[in-house]
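J.: Provided herewith is a single structure, encoded as structure tokens, for subsequent inquiry.
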Amino acid sequence: MTPSPTPHREDALNATKLRVAERRQSLMVLALTLPAIIAVCLVIVIPVGWLFSLSFLDSNGDLSLVNYEKMIAYKSYLRVFKTTFNVSFLTTFLCIVIGYPLAYFLSQIPRKYVGLFMLTVLLPFWTSLLVRTYAWLVMLQRNGLINNFAIDLGIWDAPVKLAHNLNGTLIGMVHIMLPFLVLPLYAAMRRIDRHALQAAANLGATPVQAFWQIFVPLSLPGVVAGSLIVFVLCLGFYVTPAVLGGGKVILVSMQITAILEDQFNWGAASALGVVLLVSTFAVLLLASRFLKLDSVMFGRR
Amino acid sequence: MTSDTSASLSISVTELTKTYGKVFALNRVSIDVKAGEFLTLLGPSGSGKTTLLMAIAGFNRPDSGRICFGDDDVTVLPPHKRGVGMVFQNYALFPHMSVFENVAFPLKLRKIPADEKRQRVTEALQTVQLSDFAERGIDQLSGGQRQRVALARAFVFGPKILLMDEPLSALDKKLREEMQIELKQLHRQLGVTTVYVTHDQREALTMSDRIAIIDHGELAQIGTPREIYNAPANHFVASFIGESSFFPLTKNKSGTLHYAGVSVGKVPNRATHENWTLVIRPERLSLRAPKTSKNTDKIYFSGKITELVYQGETAIVMMVMEDGHNLTARMNTRAGNDVDSLRVGQNLLVGIDKQDVIIIPGEAS
């Protein structure tokens with residue numbers, strides 16, 4: 001039993017001096033964070049606020065909801081959003097399917113070799129997005145590397161349509177998004193206690209049982225973290241789907257460009273941007289409902 | 001595995017060798033652990049004691065040698081088929097499972113029916129006094145509670161061998177001492193053969209039926225705590241277990257060993273060593289009251305006090321002898337010993353019974 005503290009007295013020894021020192025210290029901390037706060041306001045709060053306000057103006061500059069009404073009225077908008085979510089979901093799923101074994105491999109080899117293999121993941125990451133996308137176009141087109149190669153080997157007879165459709169879009173997007181999944185997943189897998197797997201074996205688990213019952217559940221936070229990053233990035237992706245989709249796969253970002261280029265309608269484009277932003281937040285909110293995002297994103301326990 | 005239905009199995013390790021590069025982690029180590037025995041592997045860090053435990057558990061593959069459980073050779077058997085329970089140093093609990101699920105894990109793997117599983121987990125949690133914690137998450141437990149969960153998980157499936165790798169090293173001193181007694185009682189209750197690794201000599205003395213001291217990958221000595229403490233085989237064991245002062249002995253032609261002209265004993269039969277060392281345990285020394293005469297059954301040391309350390313129940317008196325050797329004495333602080341009156345710089349005469357002295361081969365270093 002600890003005695004309850006005696007009520008604080010204003011005239012206690014040095015009370016005033018200590019309180020002033022405390023306040024001065026908090027002011028100092030605030031002063032130090034001020035540049036960051038100003039920077040955030042300038043590059044995030046003001047542009048997004050401006051975008052937000054634009055979306056509520058019609059072509060004459062009057063306050064109206066016409067931009068949002070149009071989005072509900074025209075089915076094409078709904079289709080674009082549907083496509084965007086479908087493509088993002090498929091990309092994320094394929095990234096997990098390809099990235100999980102890769103991250104597992106990286107997490108199991110000795111640390112000194114990780115750098116070498118990580119390079120193969122990161123090298124494309126450091127190359128220009130546009131260059132990589134056009135490289136895929138060269139490889140995937142009708143008379144491209146892959147089609148020619150496959151026909152020469154007799155894998156298929158006639159050229160398969162790999163670019164300018166959903167196939168091309170997914171191949172390109174998965175390739176570009178893969179590092180965003182592999183890196184957090186690898187980090188999560190490295191954090192898994194090696195002894196937990198030894199303990200599982202000791203308690204009678206075969207390597208397969210230990211993998212599915214211990215390793216996979218413990219790596220899930222990494223899967224969630226990586227998937228969210230990939231999914232959110234996909235929602236606003238432009239270059240790769242625009243080039244490899246060949247106009248067949250229209251995502252929200254492409255729709256925004258189209259509206260700006262064809263109609264120069266800032267209000268409608270802003271409204272699309274706002275809806276995309278809101279739906280991104282909705283995804284994150286939904287994910288946080290079901291998963292402990294705190295521990296996933298910020299490493300809290 | 002064997003169909004033996006008794007609670008425990010013996011372990012027989014024969015000439016086990018494991019090298020890492022050119023370093024011997026284990027060098028032809030042979031140890032027999034009797035069924036139901038509590039054996040401690042004691043040694044400094046890097047001595048190879050954990051390597052030996054991991055080899056018994058099946059987590060590392062020795063270069064040569066044999067490991068048997070009872071009559072079964074398990075040398076090449078993978079860990080999940082060995083059926084031994086193990087408590088890891090960092091507990092290695094499964095953080096995504098509750099306490100109950102952790103303890104139930106080995107039973108689930110063995111496809112034990114739900115009713116029996118629930119009953120056995122409940123019993124195991126009762127044994128480690130965690131009945132009220134079954135539904136807790138691992139991150140809601142204190143270090144001592146995690147320790148108990150790890151323990152319950154290791155014995156719930158009825159292994160005939162239990163291995164523990166420094167299980168108490170992460171706990172604070174008071175809790176550690178409580179757990180030592182609890183583990184000892186649990187061992188008696190379960191009757192399971194236990195191999196326990198520690199670098200803490202007091203822990204080893206407290207808990208073990210026998211202690212195996214490992215040094216540089218080799219077995220230095222194996223014996224009961226009393227044997228190890230009262231008759232250390234060499235300098236390493238004498239200095240690693242308990243505190244000791246060392247003095248070089250001179251040997252005369254008849255094989256009697258002397259220190260400062262006083263005969264302290266004879267060279268043991270069959271021993272061929274040239275050099276011998278006298279080992280003095282500090283608590284076996286006593287102060288001689290100035291007025292009493294010298295006792296012929298005792299050996300006396302005279303020196304100057306260099307340091308006094310008060311430690312509550314005992315006080316340490318450090319002295320330097322006239323010939324320059326250091327001697328440490330540990331005195332009970334009861335009033336009769338009058339240790340409070342001692343002063344640094346004062347000359348002091350301390351004595352030890354001849355039957356309390358230890359003689360080991362080799363030079364004093």
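In the structure tokens, chains take letters A, B, ... by order of appearance, with residues numbered from 1 within each chain and ligands from 1 in the order shown.
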Which residues of chain A have any atom within 8 Å of an atom in chain B when counting only C-alpha atoms, and what is the closest pair of atoms for each, with the distance in Å to one decimal? Order the rows by chain and rising number and write it as JSON lines.

T.:
```
{"residue": "A:Asp193", "atom": "CA", "partner": "B:Ala92", "partner_atom": "CA", "distance": 7.1}
{"residue": "A:His195", "atom": "CA", "partner": "B:Ala92", "partner_atom": "CA", "distance": 5.3}
{"residue": "A:Ala196", "atom": "CA", "partner": "B:Ala92", "partner_atom": "CA", "distance": 4.6}
{"residue": "A:Gln198", "atom": "CA", "partner": "B:Phe59", "partner_atom": "CA", "distance": 7.5}
{"residue": "A:Ala199", "atom": "CA", "partner": "B:Ala92", "partner_atom": "CA", "distance": 6.4}
{"residue": "A:Ala200", "atom": "CA", "partner": "B:His80", "partner_atom": "CA", "distance": 8.0}
{"residue": "A:Ala201", "atom": "CA", "partner": "B:His80", "partner_atom": "CA", "distance": 4.6}
{"residue": "A:Asn202", "atom": "CA", "partner": "B:His80", "partner_atom": "CA", "distance": 5.2}
{"residue": "A:Leu203", "atom": "CA", "partner": "B:Pro106", "partner_atom": "CA", "distance": 5.1}
{"residue": "A:Gly204", "atom": "CA", "partner": "B:His80", "partner_atom": "CA", "distance": 4.2}
{"residue": "A:Ala205", "atom": "CA", "partner": "B:His80", "partner_atom": "CA", "distance": 5.7}
{"residue": "A:Thr206", "atom": "CA", "partner": "B:His80", "partner_atom": "CA", "distance": 6.0}
{"residue": "A:Ile214", "atom": "CA", "partner": "B:Phe94", "partner_atom": "CA", "distance": 7.2}
{"residue": "A:Pro217", "atom": "CA", "partner": "B:His96", "partner_atom": "CA", "distance": 7.1}
{"residue": "A:Leu218", "atom": "CA", "partner": "B:His96", "partner_atom": "CA", "distance": 6.8}
{"residue": "A:Arg301", "atom": "CA", "partner": "B:Asp139", "partner_atom": "CA", "distance": 7.9}
```

J.: If you keep N, CA and C atoms, can you produce a file of those selected residues as an mmCIF file, in the first residue's frame?

T.:
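Saved result, selection02.cif, follows:
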```cif
data_model
loop_
_atom_site.group_PDB
_atom_site.id
_atom_site.type_symbol
_atom_site.label_atom_id
_atom_site.label_comp_id
_atom_site.auth_asym_id
_atom_site.auth_seq_id
_atom_site.Cartn_x
_atom_site.Cartn_y
_atom_site.Cartn_z
ATOM 1 N N ASP A 193 10.544 -14.600 -33.831
ATOM 2 C CA ASP A 193 11.509 -15.261 -32.960
ATOM 3 C C ASP A 193 11.823 -16.666 -33.490
ATOM 4 N N HIS A 195 13.309 -18.887 -32.013
ATOM 5 C CA HIS A 195 13.050 -19.870 -30.963
ATOM 6 C C HIS A 195 11.594 -20.331 -30.940
ATOM 7 N N ALA A 196 10.666 -19.447 -31.389
ATOM 8 C CA ALA A 196 9.258 -19.849 -31.406
ATOM 9 C C ALA A 196 9.070 -21.042 -32.349
ATOM 10 N N GLN A 198 11.525 -23.165 -33.166
ATOM 11 C CA GLN A 198 12.197 -24.293 -32.513
ATOM 12 C C GLN A 198 11.282 -24.898 -31.455
ATOM 13 N N ALA A 199 10.607 -24.009 -30.700
ATOM 14 C CA ALA A 199 9.694 -24.492 -29.664
ATOM 15 C C ALA A 199 8.594 -25.340 -30.292
ATOM 16 N N ALA A 200 8.075 -24.874 -31.439
ATOM 17 C CA ALA A 200 7.021 -25.636 -32.111
ATOM 18 C C ALA A 200 7.528 -27.021 -32.489
ATOM 19 N N ALA A 201 8.729 -27.084 -33.048
ATOM 20 C CA ALA A 201 9.317 -28.372 -33.421
ATOM 21 C C ALA A 201 9.501 -29.244 -32.183
ATOM 22 N N ASN A 202 9.999 -28.620 -31.126
ATOM 23 C CA ASN A 202 10.230 -29.344 -29.879
ATOM 24 C C ASN A 202 8.938 -29.945 -29.330
ATOM 25 N N LEU A 203 7.822 -29.213 -29.523
ATOM 26 C CA LEU A 203 6.537 -29.679 -28.999
ATOM 27 C C LEU A 203 5.881 -30.691 -29.929
ATOM 28 N N GLY A 204 6.547 -31.002 -31.041
ATOM 29 C CA GLY A 204 6.055 -32.073 -31.902
ATOM 30 C C GLY A 204 5.549 -31.643 -33.255
ATOM 31 N N ALA A 205 5.734 -30.360 -33.614
ATOM 32 C CA ALA A 205 5.225 -29.894 -34.896
ATOM 33 C C ALA A 205 6.206 -30.258 -36.015
ATOM 34 N N THR A 206 5.697 -30.831 -37.103
ATOM 35 C CA THR A 206 6.544 -31.059 -38.270
ATOM 36 C C THR A 206 6.868 -29.688 -38.866
ATOM 37 N N ILE A 214 2.612 -21.411 -36.858
ATOM 38 C CA ILE A 214 3.380 -20.416 -36.116
ATOM 39 C C ILE A 214 3.900 -19.317 -37.036
ATOM 40 N N PRO A 217 0.934 -17.139 -39.122
ATOM 41 C CA PRO A 217 0.199 -16.174 -38.293
ATOM 42 C C PRO A 217 1.093 -15.031 -37.797
ATOM 43 N N LEU A 218 2.355 -15.337 -37.468
ATOM 44 C CA LEU A 218 3.223 -14.284 -36.950
ATOM 45 C C LEU A 218 3.688 -13.323 -38.045
ATOM 46 N N ARG A 301 3.106 -2.576 -29.585
ATOM 47 C CA ARG A 301 2.703 -3.903 -29.096
ATOM 48 C C ARG A 301 1.537 -3.756 -28.161
#
```

J.: Would you give me, as a VMD selection string, the residues in segment 37-102 of chain A that DSSP reads as alpha helix (DSSP H)?

T.: chain A and resid 37 to 40 46 to 54 66 to 73 75 to 102

J.: Please determine, counting only C-alpha atoms, which residue among B:Ser47, B:Ala104, B:Phe133, B:Ser286 has the shortest atom-to-atom distance to Val121 of chain B.

T.: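 When distances to Val121 of chain B are compared using only C-alpha atoms, the smallest one comes from B:Ala104.
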
J.: Name the residues in contact with Ile161 of chain B at a cut-off of 7 Å, using only C-alpha atoms, excluding same-chain residues fewer than 3 positions from it; report them as a tab-separated table (two decimals) with N, CA and C atoms, in the first residue's frame.

T.:
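out.tsv written:
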```tsv
chain	number	residue	atom	x	y	z
B	8	SER	N	10.09	-41.36	-16.78
B	8	SER	CA	11.32	-40.73	-17.23
B	8	SER	C	12.22	-41.70	-17.99
B	9	LEU	N	13.14	-41.12	-18.75
B	9	LEU	CA	14.08	-41.88	-19.56
B	9	LEU	C	15.48	-41.41	-19.22
B	84	VAL	N	10.85	-34.58	-26.38
B	84	VAL	CA	11.35	-33.98	-25.15
B	84	VAL	C	10.70	-32.61	-24.97
B	85	GLY	N	10.47	-32.22	-23.73
B	85	GLY	CA	9.95	-30.88	-23.46
B	85	GLY	C	11.12	-29.93	-23.29
B	192	VAL	N	10.45	-36.38	-13.87
B	192	VAL	CA	10.95	-36.44	-15.23
B	192	VAL	C	12.46	-36.12	-15.24
B	193	THR	N	13.20	-36.83	-16.09
B	193	THR	CA	14.62	-36.57	-16.24
B	193	THR	C	14.81	-35.14	-16.72
B	194	THR	N	15.62	-34.37	-16.02
B	194	THR	CA	15.74	-32.95	-16.36
B	194	THR	C	17.20	-32.58	-16.60
```

J.: Which neighbours of Asp356 of chain B fall inside 9 Å, counting only C-alpha atoms, when residues of the same chain fewer than 4 positions from it are skipped, and could you give them as a list in words?

T.: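 Neighbouring residues, sequence-local ones excluded: Asn230, Ile280, Arg281, Arg284, Leu285 and Ile352 of chain B.
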
J.: Next, dump the selected residues to file, keeping only C-alpha atoms, as a PDB file, in the first residue's frame.

T.:
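Wrote again.pdb, looks like this:
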```pdb
ATOM      1  CA  ASN B 230      34.140 -29.937  -1.381  1.00  0.00           C
ATOM      2  CA  ILE B 280      40.748 -22.328   0.931  1.00  0.00           C
ATOM      3  CA  ARG B 281      36.998 -21.665   0.956  1.00  0.00           C
ATOM      4  CA  ARG B 284      35.570 -22.288   6.381  1.00  0.00           C
ATOM      5  CA  LEU B 285      37.987 -19.861   8.008  1.00  0.00           C
ATOM      6  CA  ILE B 352      40.860 -23.552   9.153  1.00  0.00           C
TER       7      ILE B 352
END
```

J.: Residues at most 7 Å from Pro179 of chain A, counting only C-alpha atoms, excluding those fewer than 4 positions away in the same chain, as a ChimeraX atom specification?

T.: /A:121-122,183

J.: For Glu363 of chain B, which residue among B:Asp172, B:Asp340, B:Glu322, B:Glu274 is the nearest when counting only C-alpha atoms?

T.: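 Once distances to Glu363 of chain B are computed over only C-alpha atoms, the minimum belongs to B:Glu274.
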
J.: With only C-alpha atoms as the basis for distance, which of A:Ala158, A:Leu153, A:Ile146, A:Val80 is at the shortest distance from Leu276 of chain A?

T.: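 Closest candidate: A:Val80.
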
J.: Excluding Val252 of chain A and any residue of its chain fewer than 2 positions from it, enumerate the residues within 12 Å of it, using only C-alpha atoms, and give them as an mmCIF file with C-alpha atoms, in the first residue's frame.

T.:
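selection-v4.cif, freshly written:
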```cif
data_model
loop_
_atom_site.group_PDB
_atom_site.id
_atom_site.type_symbol
_atom_site.label_atom_id
_atom_site.label_comp_id
_atom_site.auth_asym_id
_atom_site.auth_seq_id
_atom_site.Cartn_x
_atom_site.Cartn_y
_atom_site.Cartn_z
ATOM 1 C CA MET A 71 -20.743 11.306 -60.681
ATOM 2 C CA SER A 76 -19.239 5.494 -66.385
ATOM 3 C CA TYR A 77 -17.894 7.026 -63.179
ATOM 4 C CA LEU A 78 -19.088 4.100 -61.128
ATOM 5 C CA ARG A 79 -17.455 1.745 -63.624
ATOM 6 C CA VAL A 80 -14.140 3.601 -63.338
ATOM 7 C CA PHE A 81 -14.208 3.281 -59.562
ATOM 8 C CA LYS A 82 -15.131 -0.387 -59.830
ATOM 9 C CA THR A 83 -12.230 -1.000 -62.217
ATOM 10 C CA THR A 84 -9.850 0.907 -59.967
ATOM 11 C CA PHE A 85 -10.770 -1.192 -56.928
ATOM 12 C CA ASN A 86 -10.736 -4.431 -58.938
ATOM 13 C CA VAL A 87 -7.306 -3.752 -60.409
ATOM 14 C CA SER A 88 -5.935 -2.619 -57.021
ATOM 15 C CA CYS A 234 -2.633 1.242 -56.652
ATOM 16 C CA LEU A 235 -5.770 3.318 -56.095
ATOM 17 C CA GLY A 236 -3.966 6.401 -57.366
ATOM 18 C CA PHE A 237 -1.595 4.754 -59.857
ATOM 19 C CA TYR A 238 -1.357 6.455 -63.261
ATOM 20 C CA PRO A 241 -1.948 1.383 -66.204
ATOM 21 C CA ALA A 242 -2.131 4.255 -68.694
ATOM 22 C CA VAL A 249 -8.441 -0.251 -68.430
ATOM 23 C CA ILE A 250 -9.562 3.167 -67.165
ATOM 24 C CA MET A 254 -6.663 8.384 -65.840
ATOM 25 C CA GLN A 255 -10.227 9.683 -65.734
ATOM 26 C CA ILE A 256 -9.005 12.766 -63.891
ATOM 27 C CA THR A 257 -6.370 13.423 -66.573
ATOM 28 C CA ALA A 258 -8.946 12.929 -69.281
ATOM 29 C CA ILE A 259 -11.337 15.440 -67.731
ATOM 30 C CA ALA A 268 -15.108 17.708 -61.879
ATOM 31 C CA ALA A 269 -11.490 16.544 -61.644
ATOM 32 C CA SER A 270 -11.249 17.772 -58.045
ATOM 33 C CA ALA A 271 -14.468 15.997 -57.137
ATOM 34 C CA LEU A 272 -13.030 12.727 -58.469
ATOM 35 C CA GLY A 273 -9.873 13.353 -56.459
ATOM 36 C CA VAL A 274 -11.894 13.980 -53.312
ATOM 37 C CA VAL A 275 -13.952 10.817 -53.771
ATOM 38 C CA LEU A 276 -10.765 8.811 -54.340
ATOM 39 C CA LEU A 277 -9.238 10.302 -51.190
ATOM 40 C CA SER A 279 -12.544 5.996 -50.422
#
```

J.: Write out as a ChimeraX atom specification which residues come within 9 Å of segment 249-251 of chain B when counting only C-alpha atoms, dropping same-chain ones fewer than 6 positions away.

T.: /B:257-261,264,266-267,274-278,359,363-364
